[in-house]
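Scroll down for the structure; my scribbles are underneath it.
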Amino acid sequence: MRKLNLSFIIFNLITLFFISRYIENEYYLSLIIYIIFNAINASCFNILLGYAGIISLGQAAFFGLGAYTSGILSATYGINPYATIIIGIIITAIVAFIIGYPSLKLHGHYLAMATLGFGMIVYICFNEMDFITAGPSGLTGIPNISFFGIEIGSEYKFFIFLSVFYMIFITLMEFFDKSFISYKLRFIHESENASSSYGINVAKVKLTTFVVIACVTSINGSLFAFYSNFISPVSFSFKYSIELVVMAVFGGLGSITGGSIGAAILTFIPEVFAEIEDYEMVIYGGILAITILFFDGGIAKQFKRLVEKYVKIK
Amino acid sequence: MQFFYSGITSGSIYALVAIGFNIIYNTTGIINFAQGEFVMLGGMFIYSMLYMMNIPFVLAFPVALFGAFVLGVIFERVFIRYVKVKSELNLITITIAGSIILRGLAMVIWGRDTLLVESFVPSKAINVYKGTITTDSLVVIGISLVISFLLTFFFKKTKYGKAFRACYEDKIAASVCGINVKAVVMFSFGIAAFLGAIAGVVVSPITYVTYSDGIMTGLKGFSAAVMGGLGSFWGGIFGGILLGVSESFFASVFPSGYKDAMAFLIILFILFFRPQGLFGRKKATRV
């Protein structure tokens with residue numbers, strides 16, 4: 001078992017600490033909150049594509065399922081936010097199981113298309129089932145979440161709340177990266193036949209990973225609903241799934257750091273250069289293409305290569 | 001009966017797109033996610049030529065197709081050829097990247113509005129058995145039939161078509177036999193873009209052109225291709241028409257907002273139960 005990448009966890013912790021101390025501007029805080037949401041989603045996608053080799057273009061659908069379950073249950077029926085998160089997890093798990101069971105037997109472009117189709121169906125349902133989701137105009141009136149009696153209303157409070165969640169998530173991811181399961185997944189990625197001859201139940205492992213990742217994405221979605229107090233189908237469209245792909249690939253597939261780095265950079269850039277908004281899609285596509293063409297393994301791998309080149313490790 | 005005719009019209013478009021998928025798949029084994037974008041660009045080209053430069057249709061049509069062909073070749077040169085690790089996942093992501101770039105550029109160049117294109121043939125509704133069909137639809141249906149016939153002939157009978165198929169079977173063996181594999185791959189992208197542009201041009205008077213059309217068209221074309229079995233031209237045509245008809249039938253029963261979901265439900269079911277397509281040979285491996 002390799003050693004934990006403690007420096008990354010500590011780096012995250014320090015960054016978040018400094019942000020919490022020195023940044024008071026609400027706009028920047030909200031930007032950072034979005035970065036964290038994207039980082040979690042992109043890391044989840046990264047595990048699917050980078051470790052297990054499952055290309056899931058429907059991640060936005062799971063994110064949306066969590067958000068809409070929490071949103072509808074808490075806004076329309078007034079159910080406790082934490083209960084809605086759990087209900088969201090259960091619903092997402094069931095959906096992910098139903099979708100994953102048959103589709104994970106497929107490979108490559110078949111799988112990509114199947115998950116994409118699923119994402120589209122969910123998106124269309126969000127738009128059309130306006131009797132519960134309020135349709136394209138969006139669902140309003142989602143209450144704030146509270147934590148031991150403290151209502152988390154302001155950007156700052158939510159930032160603290162989310163960073164705790166993020167730190168837990170990152171630490172778990174780090175443990176996952178060094179665990180036996182991640183090796184199993186990489187082995188499956190390399191060769192399904194070989195891994196099954198070593199006694200790994202390929203279908204079961206892949207399905208479990210898919211469902212668990214979907215659940216984490218769904219929790220994230222629920223938190224997103226409680227943060228923005230308003231959700232509309234646009235946030236969960238095909239475009240968002242593609243953005244996650246770009247973040248994960250750009251950051252570096254197959255590494256825990258990748259998702260966060262990619263999400264941080266790619267969420268930040270369009271916000272800073274607001275005047276190039278029209279070119280956003282072109283830039284995303286360009287970054288994706290350049291990463292695949294020239295930097296296989298993304299930023300994380302390039303960074304690692306640089307470090308190994310100049311820093312002698314004893 | 002009316003939904004049947006409108007289904008056949010949209011089905012023919014899906015069929016043309018499906019054939020575009022099949023051409024690239026047949027030579028390289030890649031699924032080109034940017035195929036729908038070529039359709040959209042075909043419509044955009046013809047629009048800009050007819051209404052921005054005022055070129056007569058007889059001239060504009062071949063120029064638009066040629067433009068798409070060149071674009072397809074460039075697409076392959078820029079994106080596909082230089083992928084270092086040619087794993088399936090990388091190739092999928094690179095075509096996705098290409099499609100985002102094309103779509104983004106189209107949005108920048110032509111804007112977000114829907115562009116109107118007038119019919120190329122005198123528009124008239126023809127009464128057929130228990131319904132009507134417009135001349136536009138007839139053009140679409142006719143062109144897709146002719147194209148698929150020509151392509152099947154090209155791929156099955158001519159020397160060059162056989163070279164294309166040899167590349168899919170085994171690239172190294174094909175190059176040993178003196179086939180220029182790189183050129184073949186390049187041309188297959190060119191032809192696919194060409195076909196996409198034909199589809200885009202003929203459909204533009206019916207559905208008009210918007211920069212974001214590409215995703216839906218591409219996905220439905222892919223559904224059609226998978227339905228008929230990837231790699232088979234007639235399968236693609238049949239799949240396209242079946243998809244079009246079932247979609248318009250679905251729209252006549254359920255609220256039309258769900259119409260697009262139908263196509264994806266079909267593709268999910270096909271993928272789950274018969275990934276080799278309705279008529280395809282078994283190719284997709286299942287664990």
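Letters for chains follow the order of the structure tokens (A, B, ...), residue numbers begin at 1 for each chain, and ligand numbers begin at 1 in the order shown.
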### Task
Using only C-alpha atoms, find the residues of chain A whose closest atom to chain B is at most 8 Å away, then write them as an MDAnalysis selection string.
chainID A and resid 53 55 102:103 105:110 113:114 117:118 120:121 124:125 128 203 278:286 288:289 292:294 296
### Task
For A:Ile299, work out the shell of residues within 10 Å, counting only C-alpha atoms and skipping chain neighbours fewer than 3 positions away, then give it as a list in words.
Ala248, Val249, Phe250, Gly251, Gly252, Leu253, Thr257, Gly258, Ile261, Gly262, Thr291, Phe295, Asp296, Gln302, Phe303, Lys304 and Arg305 of chain A
May I have the selected residues written with N, CA and C atoms, as a PDB file, in the first residue's frame?
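The result, written out as part32.pdb:
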ATOM      1  N   ALA A 248     -12.362  16.952 -15.744  1.00  0.00           N
ATOM      2  CA  ALA A 248     -11.648  15.754 -15.312  1.00  0.00           C
ATOM      3  C   ALA A 248     -10.480  15.455 -16.235  1.00  0.00           C
ATOM      4  N   VAL A 249     -10.710  15.565 -17.544  1.00  0.00           N
ATOM      5  CA  VAL A 249      -9.641  15.237 -18.485  1.00  0.00           C
ATOM      6  C   VAL A 249      -8.517  16.258 -18.390  1.00  0.00           C
ATOM      7  N   PHE A 250      -8.894  17.517 -18.292  1.00  0.00           N
ATOM      8  CA  PHE A 250      -7.890  18.581 -18.214  1.00  0.00           C
ATOM      9  C   PHE A 250      -7.090  18.457 -16.927  1.00  0.00           C
ATOM     10  N   GLY A 251      -7.778  18.207 -15.828  1.00  0.00           N
ATOM     11  CA  GLY A 251      -7.091  18.093 -14.550  1.00  0.00           C
ATOM     12  C   GLY A 251      -6.200  16.875 -14.500  1.00  0.00           C
ATOM     13  N   GLY A 252      -6.648  15.804 -15.086  1.00  0.00           N
ATOM     14  CA  GLY A 252      -5.834  14.605 -15.081  1.00  0.00           C
ATOM     15  C   GLY A 252      -6.654  13.396 -14.691  1.00  0.00           C
ATOM     16  N   LEU A 253      -6.837  12.512 -15.651  1.00  0.00           N
ATOM     17  CA  LEU A 253      -7.610  11.311 -15.359  1.00  0.00           C
ATOM     18  C   LEU A 253      -6.791  10.371 -14.494  1.00  0.00           C
ATOM     19  N   THR A 257      -6.146  14.278  -7.429  1.00  0.00           N
ATOM     20  CA  THR A 257      -5.961  15.722  -7.524  1.00  0.00           C
ATOM     21  C   THR A 257      -6.583  16.296  -8.789  1.00  0.00           C
ATOM     22  N   GLY A 258      -6.629  15.477  -9.840  1.00  0.00           N
ATOM     23  CA  GLY A 258      -7.040  15.959 -11.152  1.00  0.00           C
ATOM     24  C   GLY A 258      -8.366  16.686 -11.163  1.00  0.00           C
ATOM     25  N   ILE A 261      -8.201  20.148  -9.479  1.00  0.00           N
ATOM     26  CA  ILE A 261      -7.424  21.138 -10.226  1.00  0.00           C
ATOM     27  C   ILE A 261      -8.202  21.608 -11.442  1.00  0.00           C
ATOM     28  N   GLY A 262      -8.708  20.620 -12.204  1.00  0.00           N
ATOM     29  CA  GLY A 262      -9.444  20.968 -13.413  1.00  0.00           C
ATOM     30  C   GLY A 262     -10.636  21.840 -13.102  1.00  0.00           C
ATOM     31  N   THR A 291      -5.533  18.970 -24.429  1.00  0.00           N
ATOM     32  CA  THR A 291      -5.109  18.048 -23.378  1.00  0.00           C
ATOM     33  C   THR A 291      -4.952  16.636 -23.922  1.00  0.00           C
ATOM     34  N   PHE A 295      -1.133  16.563 -23.921  1.00  0.00           N
ATOM     35  CA  PHE A 295      -0.798  16.283 -22.518  1.00  0.00           C
ATOM     36  C   PHE A 295      -1.631  15.120 -22.013  1.00  0.00           C
ATOM     37  N   ASP A 296      -1.317  13.950 -22.480  1.00  0.00           N
ATOM     38  CA  ASP A 296      -2.084  12.807 -22.023  1.00  0.00           C
ATOM     39  C   ASP A 296      -1.868  12.646 -20.522  1.00  0.00           C
ATOM     40  N   GLN A 302       1.389  16.091 -15.643  1.00  0.00           N
ATOM     41  CA  GLN A 302       2.491  16.967 -16.039  1.00  0.00           C
ATOM     42  C   GLN A 302       3.205  17.513 -14.815  1.00  0.00           C
ATOM     43  N   PHE A 303       2.399  17.915 -13.841  1.00  0.00           N
ATOM     44  CA  PHE A 303       2.937  18.465 -12.607  1.00  0.00           C
ATOM     45  C   PHE A 303       3.816  17.439 -11.906  1.00  0.00           C
ATOM     46  N   LYS A 304       3.295  16.216 -11.851  1.00  0.00           N
ATOM     47  CA  LYS A 304       4.021  15.135 -11.199  1.00  0.00           C
ATOM     48  C   LYS A 304       5.360  14.900 -11.900  1.00  0.00           C
ATOM     49  N   ARG A 305       5.308  14.951 -13.247  1.00  0.00           N
ATOM     50  CA  ARG A 305       6.519  14.735 -14.028  1.00  0.00           C
ATOM     51  C   ARG A 305       7.553  15.815 -13.707  1.00  0.00           C
TER      52      ARG A 305
END
So which residues touch A:Ile54 within 10 Å, counting only C-alpha atoms, skipping near sequence neighbours fewer than 3 positions away, as an mmCIF file with N, CA, C and O atoms, in the first residue's frame?
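To be explicit, this is the file written out as around25.cif:
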data_model
loop_
_atom_site.group_PDB
_atom_site.id
_atom_site.type_symbol
_atom_site.label_atom_id
_atom_site.label_comp_id
_atom_site.auth_asym_id
_atom_site.auth_seq_id
_atom_site.Cartn_x
_atom_site.Cartn_y
_atom_site.Cartn_z
ATOM 1 N N PHE A 45 -16.582 11.949 -11.501
ATOM 2 C CA PHE A 45 -16.488 11.510 -12.886
ATOM 3 C C PHE A 45 -15.112 10.924 -13.159
ATOM 4 O O PHE A 45 -14.964 9.941 -13.874
ATOM 5 N N ASN A 46 -14.104 11.541 -12.546
ATOM 6 C CA ASN A 46 -12.737 11.088 -12.723
ATOM 7 C C ASN A 46 -12.570 9.641 -12.270
ATOM 8 O O ASN A 46 -11.866 8.863 -12.898
ATOM 9 N N ILE A 47 -13.226 9.300 -11.161
ATOM 10 C CA ILE A 47 -13.115 7.918 -10.691
ATOM 11 C C ILE A 47 -13.729 6.978 -11.708
ATOM 12 O O ILE A 47 -13.168 5.928 -12.033
ATOM 13 N N LEU A 48 -14.872 7.372 -12.256
ATOM 14 C CA LEU A 48 -15.512 6.497 -13.236
ATOM 15 C C LEU A 48 -14.643 6.330 -14.475
ATOM 16 O O LEU A 48 -14.363 5.214 -14.905
ATOM 17 N N LEU A 49 -14.212 7.460 -15.051
ATOM 18 C CA LEU A 49 -13.490 7.362 -16.322
ATOM 19 C C LEU A 49 -12.017 7.027 -16.109
ATOM 20 O O LEU A 49 -11.459 6.168 -16.782
ATOM 21 N N GLY A 50 -11.397 7.692 -15.145
ATOM 22 C CA GLY A 50 -9.968 7.525 -14.975
ATOM 23 C C GLY A 50 -9.584 6.201 -14.338
ATOM 24 O O GLY A 50 -8.581 5.609 -14.691
ATOM 25 N N TYR A 51 -10.371 5.756 -13.381
ATOM 26 C CA TYR A 51 -10.018 4.502 -12.702
ATOM 27 C C TYR A 51 -10.693 3.312 -13.358
ATOM 28 O O TYR A 51 -10.036 2.368 -13.766
ATOM 29 N N LEU A 57 -21.600 9.852 -19.482
ATOM 30 C CA LEU A 57 -21.920 11.217 -19.895
ATOM 31 C C LEU A 57 -23.236 11.675 -19.295
ATOM 32 O O LEU A 57 -23.836 12.626 -19.747
ATOM 33 N N LEU A 104 -23.713 -1.106 -18.022
ATOM 34 C CA LEU A 104 -22.290 -1.302 -17.755
ATOM 35 C C LEU A 104 -21.739 -2.543 -18.439
ATOM 36 O O LEU A 104 -20.542 -2.775 -18.440
ATOM 37 N N LEU A 106 -21.992 -2.745 -21.497
ATOM 38 C CA LEU A 106 -21.553 -2.196 -22.774
ATOM 39 C C LEU A 106 -20.190 -1.543 -22.613
ATOM 40 O O LEU A 106 -19.720 -1.304 -21.511
ATOM 41 N N HIS A 107 -19.584 -1.220 -23.746
ATOM 42 C CA HIS A 107 -18.255 -0.623 -23.696
ATOM 43 C C HIS A 107 -18.173 0.582 -24.596
ATOM 44 O O HIS A 107 -18.955 0.735 -25.522
ATOM 45 N N GLY A 108 -17.149 1.396 -24.328
ATOM 46 C CA GLY A 108 -16.775 2.466 -25.236
ATOM 47 C C GLY A 108 -17.931 3.322 -25.672
ATOM 48 O O GLY A 108 -18.686 3.834 -24.855
ATOM 49 N N LEU A 111 -21.489 2.579 -24.442
ATOM 50 C CA LEU A 111 -21.743 3.030 -23.066
ATOM 51 C C LEU A 111 -21.912 4.537 -23.036
ATOM 52 O O LEU A 111 -22.822 5.059 -22.378
ATOM 53 N N ALA A 112 -21.045 5.233 -23.783
ATOM 54 C CA ALA A 112 -21.140 6.695 -23.817
ATOM 55 C C ALA A 112 -22.527 7.113 -24.279
ATOM 56 O O ALA A 112 -23.168 7.975 -23.680
ATOM 57 N N THR A 115 -25.349 6.267 -21.629
ATOM 58 C CA THR A 115 -25.422 7.195 -20.498
ATOM 59 C C THR A 115 -25.865 8.577 -20.958
ATOM 60 O O THR A 115 -26.601 9.272 -20.267
ATOM 61 N N LEU A 185 -10.172 -1.567 -9.727
ATOM 62 C CA LEU A 185 -10.770 -0.821 -10.828
ATOM 63 C C LEU A 185 -9.770 -0.602 -11.955
ATOM 64 O O LEU A 185 -10.089 -0.753 -13.131
ATOM 65 N N HIS A 189 -9.975 -1.766 -15.761
ATOM 66 C CA HIS A 189 -9.761 -0.832 -16.857
ATOM 67 C C HIS A 189 -8.762 -1.400 -17.863
ATOM 68 O O HIS A 189 -8.955 -1.324 -19.060
ATOM 69 N N LYS A 206 -17.981 -2.951 -11.043
ATOM 70 C CA LYS A 206 -18.299 -1.767 -11.837
ATOM 71 C C LYS A 206 -19.632 -1.176 -11.408
ATOM 72 O O LYS A 206 -19.774 0.036 -11.249
ATOM 73 N N THR A 209 -19.339 0.605 -8.064
ATOM 74 C CA THR A 209 -18.678 1.900 -8.214
ATOM 75 C C THR A 209 -19.638 2.921 -8.806
ATOM 76 O O THR A 209 -19.752 4.050 -8.318
ATOM 77 N N PHE A 210 -20.319 2.497 -9.866
ATOM 78 C CA PHE A 210 -21.226 3.409 -10.564
ATOM 79 C C PHE A 210 -22.303 3.936 -9.613
ATOM 80 O O PHE A 210 -22.568 5.135 -9.549
ATOM 81 N N LEU B 89 -11.503 5.461 -25.529
ATOM 82 C CA LEU B 89 -12.000 6.569 -24.714
ATOM 83 C C LEU B 89 -11.440 7.898 -25.200
ATOM 84 O O LEU B 89 -12.142 8.890 -25.286
#
### Task
Skip stretch 201-209 of chain B itself and residues of its chain fewer than 5 positions away, then list as a list in words all residues within 8 Å of it, counting only C-alpha atoms.
Ile13, Val39, Met40, Gly42, Gly43, Met44, Ile46, Phe61, Thr114, Leu115, Leu116, Val117, Glu118, Ser119, Phe120, Asp136, Ser137, Val139 and Val140 of chain B
### Task
Run DSSP on the backbone of this structure and report the residues of stretch 79-238 of chain A it assigns to strand (DSSP E), as a PyMOL selection string.
chain A and resi 146-147+150-151
Dump C-alpha atoms for the selected residues as a JSON list (two decimals), in the first residue's frame?
[["chain", "number", "residue", "atom", "x", "y", "z"],
["A", 146, "SER", "CA", -29.43, 24.16, 9.08],
["A", 147, "PHE", "CA", -26.70, 22.58, 11.10],
["A", 150, "ILE", "CA", -27.68, 27.24, 13.06],
["A", 151, "GLU", "CA", -29.32, 28.18, 9.80]]
### Message
Ranking B:Asn26, B:Leu150, B:Ile141, B:Ser232 by minimum distance to B:Lys171 and counting only C-alpha atoms, which one comes first?
### Response
B:Asn26
